[in-house]
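Report on the following structure.
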Amino acid sequence: MPELPEVETTLRGIKPHIIGRKISEVTVRNRNLRWPVSRKVYSLAGSKFIHIKRRGKYILIEVDDGTLLIHLGMSGSLRVIDCGQEFRKHDHIDIKMDSRKSLRYHDPRRFGCMLFHSGNINNHKLLRHLGPEPLEEEFCGEYLYSKSRGRNVPIKQFIMNSNTVVGVGNIYACEALFFSRISPKRFASKISKVRYDNLAENIKMVLLSSINMGGTTLRDFVNGVGEPGYFKQSLMVYGCEDKKCNNCGKAISRIIQTGRSTFYCSRCQR
Ligand SMILES: [Zn+2]
């Protein structure tokens with residue numbers, strides 16, 4: 001599933017190829033994504049791609065009279081390809097540009113979306129309740145500490161809640177908690193300010209190292225014909241059940257929390 005680092009890498013990959021380009025033709029082959037593709041997308045021809053940014057795992061592309069709101073769902077990808085390339089199975093949307101390149105949306109499981117919003121995009125109902133961006137300065141230990149007072153939920157659930165902070169998926173939550181030596185089961189309300197300082201830094205660190213690794217696969221997002229290259233990161237705990245902890249040698253545990261696997265070291269993480 002595309003996580004924040006893959007979404008950021010996608011954005012960086014397509015940005016230089018689309019900004020300032022005029023849209024010449026739009027083909028929607030299947031509008032039945034998670035929500036139906038906005039009708040306005042069909043009539044984008046003549047409009048220009050003005051600006052692109054990310055909010056959580058949403059890609060927001062500003063055009064002349066509004067903003068495209070794109071989510072890659074479970075299996076989506078966005079690529080810039082030469083115009084006229086044959087459609088592959090699951091290529092649902094093709095946006096031709098005046099550069100003879102196309103922006104193409106591919107999504108086998110169709111859990112993603114492409115919506116159009118004409119007002120202030122920050123007020124869109126999918127965005128307005130989102131917490132801060134993890135890589136921005138406002139996301140820090142102080143913020144987590146004050147937000148967590150009175151929250152009797154396990155810390156892992158707390159940091160994966162997009163209301164707390166956006167884009168901390170299961171892998172990154174497990175890894176950041178390991179580096180912070182915090183048990184994923186500990187209640188958010190019971191964690192000290194100092195430990196939250198450390199946790200906020202580690203969340204930034206695991207996300208950034210994944211984004212930096214993605215830099216080497218940028219090419220795949222632009223010209224490739226395969227699936228986007230998700231990062232084969234070296235992981236300390238995620239997916240490492242029964243392997244020895246790098247820190248103490250004890251076997252890594254796996255438990256289920258709110259339906260998701262949690263990996264951690266029960267000796268190092270308290
Ligand atoms: Zn350990």
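Naming scheme: A, B, ... for chains in displayed order of the structure tokens; residues 1 onward per chain; ligands 1 onward as shown.
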Could you please extract the residues within 12 Å of ligand 1, counting only C-alpha atoms and all ligand atoms, and hand them back as a PyMOL selection string?
chain A and resi 177-183+236-237+242-253+263-270
Can you list every residue in range 32-255 of chain A that DSSP puts in alpha helix (DSSP H), as a PyMOL selection string?
chain A and resi 39-42+141-148+155-160+170-180+193-214+218-222
Among range 23-237 of chain A, which ones does DSSP place in strand (DSSP E), written as a ChimeraX atom specification?
/A:23-28,51-55,58-63,66-71,77-82,91-97,101-106,113-117
Using only C-alpha atoms, which protein or nucleic acid residues come within 6 Å of range 110-117 of chain A? Drop anything in the same chain fewer than 3 positions from it, and give the result as number ranges by chain.
A: 33-34, 37-38, 66-74, 107
Nearby residues (only C-alpha atoms) at most 12 Å from Ile191 in chain A, same-chain spacing under 2 positions excluded, as a VMD selection string
chain A and resid 141 to 142 144 to 156 158 180 to 189 193 to 199 270
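Of the residues under consideration (A:Leu207, A:Val80, A:Leu235, A:Ile93), A:Val80 shows the shortest atom-to-atom contact distance to His17 in chain A when counting only C-alpha atoms.
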Using only C-alpha atoms, the residue out of A:Met97, A:Lys204, A:Arg260, A:Val26 with shortest distance to Glu136 in chain A is A:Lys204
Which residues are near Ser102 in chain A? Cut-off 7 Å, only C-alpha atoms, ignore same chain within fewer than 3 positions. Put them as a PyMOL selection string.
chain A and resi 80-83+94-97
